[in-house]
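Shown next: input.cif, containing mmCIF, C-alpha atoms.
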```cif
data_entry
#
loop_
_atom_site.label_atom_id
_atom_site.label_comp_id
_atom_site.auth_asym_id
_atom_site.auth_seq_id
_atom_site.Cartn_x
_atom_site.Cartn_y
_atom_site.Cartn_z
CA MET A 8 0.00 0.00 0.00
CA SER A 9 1.46 3.36 -1.05
CA ILE A 10 0.90 6.27 1.34
CA ASP A 11 1.68 9.85 0.31
CA PRO A 12 4.43 11.06 2.70
CA GLN A 13 2.91 14.56 2.53
CA THR A 14 -0.21 13.09 4.14
CA ILE A 15 1.88 11.65 6.97
CA ARG A 16 3.69 14.96 7.40
CA GLN A 17 0.43 16.86 7.74
CA LEU A 18 -1.01 14.32 10.17
CA LEU A 19 2.02 14.45 12.45
CA LEU A 20 2.01 18.25 12.36
CA GLN A 21 -1.67 18.24 13.32
CA LEU A 22 -0.88 15.95 16.24
CA GLY A 23 1.93 18.29 17.28
CA ASN A 24 -0.47 21.23 17.08
CA THR A 25 -2.86 19.42 19.41
CA VAL A 26 -0.16 18.73 21.99
CA ARG A 27 1.10 22.33 21.73
CA ASP A 28 -2.35 23.81 22.29
CA LYS A 29 -3.05 21.53 25.26
CA VAL A 30 0.26 22.44 26.89
CA VAL A 31 -0.34 26.16 26.31
CA GLN A 32 -3.81 25.89 27.84
CA ALA A 33 -2.47 23.98 30.83
CA ARG A 34 0.24 26.55 31.48
CA LEU A 35 -2.24 29.43 31.28
CA ALA A 36 -4.67 27.64 33.60
CA VAL A 37 -2.30 27.55 36.58
CA PHE A 38 -0.63 30.27 38.56
CA SER A 39 3.09 30.78 37.97
CA ASP A 40 3.91 29.30 41.38
CA ASP A 41 1.65 26.27 40.94
CA GLU A 42 3.81 23.14 40.90
CA SER A 43 1.08 20.65 39.94
CA LEU A 44 2.54 20.29 36.46
CA ALA A 45 5.93 19.44 37.98
CA THR A 46 4.63 16.71 40.27
CA ILE A 47 6.07 13.27 39.51
CA SER A 48 3.27 11.13 38.10
CA ARG A 49 5.19 7.86 37.69
CA GLU A 50 8.55 6.38 36.82
CA SER A 51 9.09 4.42 33.60
CA ALA A 52 12.07 2.49 32.25
CA ALA A 53 12.71 5.41 29.89
CA ASP A 54 12.25 8.48 32.09
CA THR A 55 10.43 10.22 34.90
CA ILE A 56 6.84 11.12 33.96
CA TYR A 57 5.56 14.44 35.36
CA GLY A 58 2.10 15.93 35.69
CA ILE A 59 2.47 17.91 32.48
CA ASP A 60 3.27 14.69 30.61
CA ARG A 61 -0.15 13.28 31.48
CA ILE A 62 -1.75 16.19 29.62
CA SER A 63 0.11 15.39 26.42
CA GLU A 64 -0.53 11.64 26.74
CA GLU A 65 -4.28 12.18 27.06
CA ALA A 66 -4.26 14.57 24.09
CA ILE A 67 -2.38 12.06 21.95
CA GLU A 68 -4.69 9.18 22.81
CA SER A 69 -7.79 11.24 21.96
CA TRP A 70 -6.30 12.60 18.74
CA PHE A 71 -5.29 9.19 17.38
CA ALA A 72 -8.75 7.80 18.16
CA GLU A 73 -10.46 10.62 16.27
CA TYR A 74 -8.14 11.61 13.43
CA TRP A 75 -5.63 8.92 12.46
CA PRO A 76 -6.77 7.16 9.23
CA LYS A 77 -7.78 3.56 9.86
CA GLU A 78 -6.29 2.56 6.52
CA ILE A 79 -2.78 3.45 7.85
CA PRO A 80 -2.27 1.02 10.77
CA ILE A 81 0.74 1.84 12.93
CA GLU A 82 2.58 0.76 16.03
CA LEU A 83 3.00 3.64 18.48
CA VAL A 84 6.28 3.96 20.38
CA MET A 85 6.55 6.55 23.15
CA GLU A 86 7.27 6.99 26.84
CA GLY A 87 4.72 5.12 28.91
CA VAL A 88 4.21 2.39 26.32
CA GLU A 89 5.83 -0.76 27.67
CA PRO A 90 7.71 -2.99 25.17
CA ASP A 91 5.74 -6.08 26.22
CA GLN A 92 2.43 -4.26 25.75
CA PRO A 93 2.65 -2.66 22.29
CA VAL A 94 0.05 -0.06 21.30
CA THR A 95 -1.37 -0.14 17.80
CA ILE A 96 -3.55 2.36 15.95
CA PRO A 97 -6.38 1.57 15.32
CA ARG A 98 -6.54 0.15 18.83
CA GLY A 99 -6.52 -3.62 18.87
CA LYS A 100 -4.99 -3.94 15.42
CA PRO A 101 -2.65 -6.99 15.39
CA LEU A 102 0.96 -5.83 15.49
CA GLU A 103 1.86 -7.91 12.46
CA GLN A 104 -0.74 -6.01 10.42
CA THR A 105 0.78 -2.55 11.05
CA ILE A 106 2.65 -1.00 8.13
CA TYR A 107 4.44 1.81 9.97
CA LYS A 108 6.10 2.41 13.30
CA CYS A 109 5.56 5.90 14.73
CA ILE A 110 7.86 7.11 17.50
CA LEU A 111 6.93 10.17 19.57
CA ASP A 112 8.38 12.37 22.24
CA PRO A 113 5.29 14.33 23.29
CA ILE A 114 7.25 16.82 25.39
CA ASP A 115 11.01 16.93 24.89
CA GLY A 116 12.22 19.43 27.46
CA THR A 117 9.64 18.68 30.15
CA ARG A 118 11.71 20.05 32.99
CA ALA A 119 11.98 23.49 31.38
CA ILE A 120 8.42 23.92 30.14
CA MET A 121 6.76 22.69 33.34
CA TYR A 122 8.38 25.65 35.11
CA ASP A 123 7.67 27.94 32.14
CA LYS A 124 11.41 28.54 31.70
CA ARG A 125 11.98 27.69 28.04
CA SER A 126 10.23 26.08 25.09
CA ALA A 127 9.91 22.32 24.91
CA TRP A 128 9.34 20.38 21.66
CA PHE A 129 6.95 17.77 20.31
CA LEU A 130 8.98 15.32 18.21
CA ALA A 131 7.75 12.59 15.90
CA GLY A 132 9.14 10.24 13.29
CA LEU A 133 7.57 7.56 11.14
CA ALA A 134 9.27 4.55 9.54
CA LEU A 135 8.16 1.48 7.63
CA GLN A 136 7.43 -1.31 10.08
CA LYS A 137 10.28 -3.80 10.37
CA GLY A 138 9.41 -5.04 13.84
CA ALA A 139 12.34 -5.07 16.26
CA ASP A 140 14.66 -4.32 13.32
CA THR A 141 13.13 -0.86 12.74
CA ARG A 142 15.77 1.78 13.37
CA VAL A 143 16.18 5.55 13.61
CA SER A 144 17.83 5.48 10.18
CA ASP A 145 14.59 4.06 8.73
CA ILE A 146 12.57 7.20 9.57
CA GLU A 147 11.08 8.68 6.41
CA VAL A 148 9.03 11.56 7.82
CA ALA A 149 9.92 13.69 10.86
CA VAL A 150 8.37 16.73 12.52
CA MET A 151 9.18 19.16 15.33
CA VAL A 152 6.56 21.44 16.91
CA GLU A 153 7.55 24.05 19.48
CA LEU A 154 5.74 24.01 22.83
CA PRO A 155 6.16 27.65 23.86
CA THR A 156 6.29 29.37 27.22
CA THR A 157 3.32 31.49 28.24
CA LYS A 158 5.00 34.75 27.24
CA GLN A 159 5.46 33.63 23.63
CA GLY A 160 2.95 34.57 20.96
CA TRP A 161 4.50 32.45 18.21
CA ALA A 162 5.69 28.85 18.06
CA ASP A 163 7.73 27.27 15.26
CA ARG A 164 7.25 24.00 13.36
CA VAL A 165 9.59 22.07 11.09
CA ALA A 166 8.96 18.95 9.03
CA ALA A 167 11.01 16.86 6.64
CA ILE A 168 10.48 14.01 4.20
CA ARG A 169 13.53 11.95 3.31
CA GLY A 170 15.02 13.19 0.06
CA GLN A 171 12.60 16.12 -0.20
CA GLY A 172 14.17 18.68 2.12
CA ALA A 173 12.48 20.41 5.03
CA VAL A 174 9.87 23.14 5.46
CA ALA A 175 9.30 25.42 8.43
CA ASP A 176 6.73 27.92 9.62
CA SER A 177 5.70 29.82 12.72
CA VAL A 178 2.20 29.77 14.22
CA ASN A 179 0.51 32.44 16.31
CA VAL A 180 -0.73 30.41 19.28
CA LEU A 181 -3.67 32.77 19.85
CA THR A 182 -4.95 33.36 16.31
CA TRP A 183 -3.40 30.32 14.51
CA GLU A 184 -2.02 32.62 11.82
CA GLN A 185 0.89 30.96 10.00
CA LYS A 186 3.92 32.47 8.32
CA PRO A 187 6.84 30.67 6.62
CA ILE A 188 10.30 30.91 8.12
CA LEU A 189 13.71 30.21 6.63
CA LEU A 190 16.10 27.94 8.49
CA ARG A 191 19.77 28.37 7.70
CA PRO A 192 22.40 26.42 9.68
CA SER A 193 25.66 28.24 10.30
CA ARG A 194 28.25 28.23 7.54
CA ALA A 195 31.12 28.96 9.92
CA THR A 196 34.13 26.68 9.61
CA ASP A 197 35.24 26.96 13.23
CA ALA A 198 33.62 27.44 16.64
CA LEU A 199 35.36 30.69 17.58
CA HIS A 200 33.07 33.50 18.74
CA GLY A 201 30.08 31.21 18.29
CA PHE A 202 28.02 28.79 20.35
CA ALA A 203 29.26 25.19 20.64
CA TYR A 204 29.25 22.74 23.54
CA ILE A 205 28.88 19.21 24.91
CA SER A 206 25.73 18.49 26.93
CA ARG A 207 26.25 18.19 30.68
CA PHE A 208 22.85 18.71 32.27
CA PHE A 209 23.26 16.62 35.42
CA PRO A 210 26.01 16.14 38.03
CA THR A 211 26.85 12.56 37.06
CA GLY A 212 29.77 12.54 34.63
CA LYS A 213 29.91 16.32 34.41
CA SER A 214 33.58 16.58 35.35
CA ILE A 215 34.62 14.08 32.65
CA ILE A 216 32.55 15.85 30.01
CA ALA A 217 33.97 19.23 31.02
CA THR A 218 37.52 17.84 30.79
CA ILE A 219 36.84 16.50 27.30
CA GLU A 220 35.35 19.78 26.14
CA GLN A 221 38.14 21.90 27.58
CA GLU A 222 40.78 19.71 25.93
CA LEU A 223 38.85 19.89 22.63
CA TRP A 224 38.80 23.68 22.50
CA GLU A 225 42.36 24.11 23.79
CA THR A 226 43.63 21.67 21.15
CA LEU A 227 41.68 23.22 18.30
CA TYR A 228 42.14 26.85 19.29
CA PRO A 229 45.20 27.34 21.52
CA SER A 230 45.32 30.55 23.52
CA ASP A 231 47.21 33.23 21.63
CA GLY A 232 49.38 35.65 23.54
CA GLY A 233 47.65 34.91 26.81
CA ARG A 234 44.22 35.65 25.35
CA ASP A 235 41.60 32.98 25.82
CA SER A 236 39.76 31.51 22.87
CA ILE A 237 36.14 32.68 22.94
CA ILE A 238 33.48 29.98 22.52
CA PHE A 239 30.04 30.36 24.06
CA GLU A 240 27.66 27.69 25.28
CA ASP A 241 23.93 27.51 25.93
CA GLN A 242 22.87 24.31 27.68
CA TYR A 243 19.37 23.80 26.27
CA ILE A 244 17.85 20.89 28.22
CA SER A 245 15.96 19.48 25.25
CA THR A 246 17.40 17.51 22.36
CA GLY A 247 14.74 18.94 20.08
CA GLY A 248 15.65 22.42 21.28
CA GLN A 249 19.32 21.71 20.64
CA PHE A 250 18.52 20.47 17.15
CA TYR A 251 16.54 23.65 16.50
CA GLU A 252 19.38 25.88 17.66
CA VAL A 253 21.63 24.22 15.08
CA LEU A 254 18.95 24.48 12.39
CA THR A 255 18.54 28.20 12.97
CA GLY A 256 22.28 28.91 12.85
CA HIS A 257 22.43 29.85 16.52
CA ASP A 258 24.70 26.95 17.52
CA ARG A 259 27.53 25.54 15.43
CA MET A 260 28.20 22.25 17.16
CA ILE A 261 26.46 20.30 19.91
CA ALA A 262 27.35 16.84 21.19
CA ASP A 263 25.69 14.55 23.70
CA ILE A 264 28.07 11.84 24.89
CA ARG A 265 26.38 10.88 28.15
CA PRO A 266 25.99 7.15 27.30
CA LEU A 267 29.71 6.94 26.49
CA VAL A 268 30.59 8.64 29.77
CA PHE A 269 28.19 6.49 31.78
CA ALA A 270 29.78 3.37 30.26
CA LYS A 271 33.19 4.68 31.33
CA LEU A 272 31.82 5.08 34.87
CA GLY A 273 30.15 1.66 34.83
CA LEU A 274 26.69 3.20 35.21
CA ASN A 275 23.38 2.14 33.69
CA SER A 276 21.55 5.47 33.79
CA ALA A 277 18.36 6.49 32.00
CA LEU A 278 19.45 10.15 32.16
CA CYS A 279 20.56 10.24 28.54
CA CYS A 280 19.14 10.49 25.04
CA HIS A 281 16.90 7.76 23.66
CA PRO A 282 15.64 7.11 20.12
CA TYR A 283 12.53 9.24 20.66
CA ASP A 284 14.77 12.22 21.54
CA VAL A 285 16.59 12.02 18.19
CA CYS A 286 13.68 10.93 15.98
CA SER A 287 13.71 14.33 14.24
CA SER A 288 17.40 14.11 13.24
CA LEU A 289 16.24 13.53 9.65
CA ILE A 290 15.28 17.23 9.55
CA LEU A 291 18.84 18.32 10.27
CA MET A 292 20.28 16.03 7.64
CA GLU A 293 17.79 17.27 5.04
CA LEU A 294 19.10 20.80 5.69
CA GLY A 295 22.77 19.89 5.36
CA VAL A 296 23.65 19.49 9.03
CA VAL A 297 26.08 16.64 9.78
CA VAL A 298 24.57 14.37 12.44
CA GLU A 299 26.52 11.29 13.49
CA HIS A 300 27.82 9.15 16.32
CA PRO A 301 30.58 11.02 18.19
CA LEU A 302 33.07 8.21 17.50
CA GLY A 303 32.13 7.99 13.85
CA GLY A 304 29.40 6.38 11.80
CA PRO A 305 25.72 7.27 11.50
CA LEU A 306 23.46 8.31 14.33
CA ASP A 307 21.32 5.22 14.72
CA GLY A 308 19.62 2.86 17.12
CA PRO A 309 16.52 0.69 17.46
CA LEU A 310 13.18 2.49 17.43
CA ASP A 311 12.42 1.90 21.11
CA THR A 312 12.18 3.94 24.30
CA THR A 313 15.17 2.68 26.25
CA SER A 314 18.28 2.36 24.07
CA PRO A 315 20.95 4.98 24.96
CA ILE A 316 21.93 7.29 22.10
CA SER A 317 25.09 9.38 21.73
CA TRP A 318 25.23 12.00 18.99
CA VAL A 319 27.00 15.02 17.63
CA ALA A 320 25.68 17.65 15.23
CA TYR A 321 27.96 19.90 13.18
CA ALA A 322 26.33 22.79 11.34
CA ASN A 323 28.06 21.94 8.05
CA GLU A 324 30.53 19.59 6.41
CA LYS A 325 33.55 21.92 6.63
CA LEU A 326 33.00 22.49 10.33
CA ALA A 327 32.68 18.74 10.87
CA ALA A 328 35.91 18.11 8.99
CA SER A 329 37.77 20.62 11.16
CA ILE A 330 36.50 19.39 14.55
CA ARG A 331 35.74 15.67 14.08
CA PRO A 332 39.28 14.20 14.03
CA VAL A 333 40.34 16.01 17.19
CA PHE A 334 37.06 15.28 18.98
CA GLN A 335 37.22 11.57 18.21
CA LYS A 336 40.87 11.32 19.26
CA ILE A 337 40.14 13.00 22.62
CA LEU A 338 37.08 10.81 23.20
CA ARG A 339 39.08 7.64 22.63
CA LYS A 340 41.85 8.84 24.93
CA GLN A 341 39.57 9.98 27.76
CA LEU A 342 37.01 7.18 27.59
CA HIS A 343 38.99 4.19 26.36
CA GLY A 344 42.57 5.06 27.18
#
```
Written form, structure tokens:
Amino acid sequence: MSIDPQTIRQLLLQLGNTVRDKVVQARLAVFSDDESLATISRESAADTIYGIDRISEEAIESWFAEYWPKEIPIELVMEGVEPDQPVTIPRGKPLEQTIYKCILDPIDGTRAIMYDKRSAWFLAGLALQKGADTRVSDIEVAVMVELPTTKQGWADRVAAIRGQGAVADSVNVLTWEQKPILLRPSRATDALHGFAYISRFFPTGKSIIATIEQELWETLYPSDGGRDSIIFEDQYISTGGQFYEVLTGHDRMIADIRPLVFAKLGLNSALCCHPYDVCSSLILMELGVVVEHPLGGPLDGPLDTTSPISWVAYANEKLAASIRPVFQKILRKQLHG
């Protein structure tokens, strides 16, 4: 059965719109000091589920029941869906009869948006169903929808179809007016006087990551005449948000090596990226951003909710060529030496 990928793109954007509007309404409905949205709802194998996550989960369940075409049966992969209890759309459809696997991160950046600090992102990707063999690299359609803070009037959306590039627009969250926007990753060939960093959101492994990053910049850009090399960082606690900063040209390079560092420390921690966090990486690649494993090779992994994912994004090929060899050499020395 042949399905128009443009149809899938529009459906996933509509789902993202629904989640965005529900999150906006929820934020406006509580006082700024109300912590009900930040209350821990439950713990899953993939992550901690907060009160605000329940809102998105309920919105997604209702939307799929009402709007997803029955002639496009899918398996749904997202936080809260246990591997031994797969969810199919339409509900009750035998897993072997699904033709696509759809992976979602309803709210990527929960910890920031639940305190109204910074935008979170709805992320979605859809791949042909290959059962347990379905991988991130199989994703054919990907979307990102911004979940804005209460002071924002506009929220951005980006979508890509493999081999067809990416499109982006901004939506007025009060009037639903739409306007196209142009995304242009940085063309800089070095990180100097720009934003570039390695993610270190939590205490565990932070000192190792900081050591790796400091050695990276000092090796690439040695201090000249006692003057420090100037490279800025902006730790955006959302993989989707980080991806967007690269897409817009704000950040030149971002890496997330937490699984590699945790392995070095002998830890099995869920506080790292998972396939649903990087399911929109297709968008970056369609716009010329280099996205790969920090030690080389493609960014990839099974389309599940628990596999750890390490990644690095370089704004362009020339930047990647200038940083990659040094970065990989330092990683091998610090983590495997």
Protein/DNA/RNA residues near (6.1, 25.1, 17.7), cut 10 Å, all atoms listed in the file, as number ranges by chain: A: 20, 23-24, 26-28, 126-129, 151-155, 161-165, 175-180
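Interatomic distance, atom CA of A:Cys280 against atom CA of A:Asp263: 7.8 Å.
Compared by their closest atoms to A:Ile337, and using all atoms listed in the file, the residues A:Pro301, A:Val88, A:Glu252, A:Pro266 rank with A:Pro301 nearest.
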Can you pull out every residue within 7 Å of A:Glu82, counting all atoms listed in the file, but drop anything in the same chain fewer than 4 positions away, and send it as a compact mmCIF listing (two decimals) with C-alpha atoms, in the frame of the given file?
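After the write, out-v7.txt holds the following:
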```txt
# COMPACT_ATOMS: atom_id res chain seq x y z
CA VAL A 94 0.05 -0.06 21.30
CA THR A 95 -1.37 -0.14 17.80
CA ILE A 96 -3.55 2.36 15.95
CA LEU A 102 0.96 -5.83 15.49
CA THR A 105 0.78 -2.55 11.05
CA TYR A 107 4.44 1.81 9.97
CA LYS A 108 6.10 2.41 13.30
CA CYS A 109 5.56 5.90 14.73
```
Chain and number of each residue from the PyMOL selection byres ((chain A and resi 67) around 9), as a list of chain:residue names: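 Those residues are A:Leu22, A:Gly23, A:Thr25, A:Val26, A:Ile62, A:Ser63, A:Glu64, A:Glu65, A:Ala66, A:Glu68, A:Ser69, A:Trp70, A:Phe71, A:Ala72, A:Pro113.
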One-decimal distance in Å that lies between atom CA of A:Arg191 and atom CA of A:Ser206: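 Interatomic distance, atom CA of A:Ser206 to atom CA of A:Arg191: 22.4 Å.
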Shell around stretch 223-239 of chain A at 6 Å using only C-alpha atoms, local window under 3 positions removed, as a VMD selection string: chain A and resid 199 to 202 220
Resolved residues for the PyMOL selection byres ((chain A and resi 216-219) around 9) as a PDB file with C-alpha atoms, keeping the file's coordinate frame:
```
ATOM      1  CA  ILE A 205      28.880  19.210  24.910  1.00  0.00           C
ATOM      2  CA  SER A 206      25.730  18.490  26.930  1.00  0.00           C
ATOM      3  CA  ARG A 207      26.250  18.190  30.680  1.00  0.00           C
ATOM      4  CA  GLY A 212      29.770  12.540  34.630  1.00  0.00           C
ATOM      5  CA  LYS A 213      29.910  16.320  34.410  1.00  0.00           C
ATOM      6  CA  SER A 214      33.580  16.580  35.350  1.00  0.00           C
ATOM      7  CA  ILE A 215      34.620  14.080  32.650  1.00  0.00           C
ATOM      8  CA  GLU A 220      35.350  19.780  26.140  1.00  0.00           C
ATOM      9  CA  GLN A 221      38.140  21.900  27.580  1.00  0.00           C
ATOM     10  CA  GLU A 222      40.780  19.710  25.930  1.00  0.00           C
ATOM     11  CA  LEU A 223      38.850  19.890  22.630  1.00  0.00           C
ATOM     12  CA  TRP A 224      38.800  23.680  22.500  1.00  0.00           C
ATOM     13  CA  ILE A 264      28.070  11.840  24.890  1.00  0.00           C
ATOM     14  CA  ARG A 265      26.380  10.880  28.150  1.00  0.00           C
ATOM     15  CA  VAL A 268      30.590   8.640  29.770  1.00  0.00           C
ATOM     16  CA  PHE A 334      37.060  15.280  18.980  1.00  0.00           C
ATOM     17  CA  ILE A 337      40.140  13.000  22.620  1.00  0.00           C
ATOM     18  CA  LEU A 338      37.080  10.810  23.200  1.00  0.00           C
ATOM     19  CA  GLN A 341      39.570   9.980  27.760  1.00  0.00           C
TER      20      GLN A 341
END
```
Pick from A:Lys186, A:His257, A:Arg194, A:Lys124, whichever lies nearest to A:Glu240 using all atoms listed in the file: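 With all atoms listed in the file as the atom set, the closest residue is A:His257.
As for atom CA of A:Asp11 and atom CA of A:Gly247, they are spaced 25.4 Å apart.
Distances here use all atoms listed in the file; by that measure, the residue among A:Pro12, A:Gly344, A:Pro187, A:Gly256 closest to A:Ala203 is A:Gly256.
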Target residues per the PyMOL selection byres ((chain A and resi 316-327) around 9), formatted as an NGL selection string: :A and (192-198 or 205 or 250 or 253-254 or 256 or 258-267 or 279-282 or 284-285 or 291 or 295-302 or 305-308 or 314-315 or 328-332)
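Residue nearest A:Leu35, chosen from A:Leu272, A:Met292, A:Leu181, A:Leu310 and counting all atoms listed in the file: A:Leu181.
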Distance query A:Ile110 at most 7 Å, only C-alpha atoms, self and fewer than 2 positions along chain excluded, as a PyMOL selection string: chain A and resi 83-85+108+131-133+283
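Take the candidates A:Gln21, A:Gly303, A:Gly170, A:Asp115 and check each one against A:Lys336 using all atoms listed in the file; the shortest distance goes to A:Gly303.
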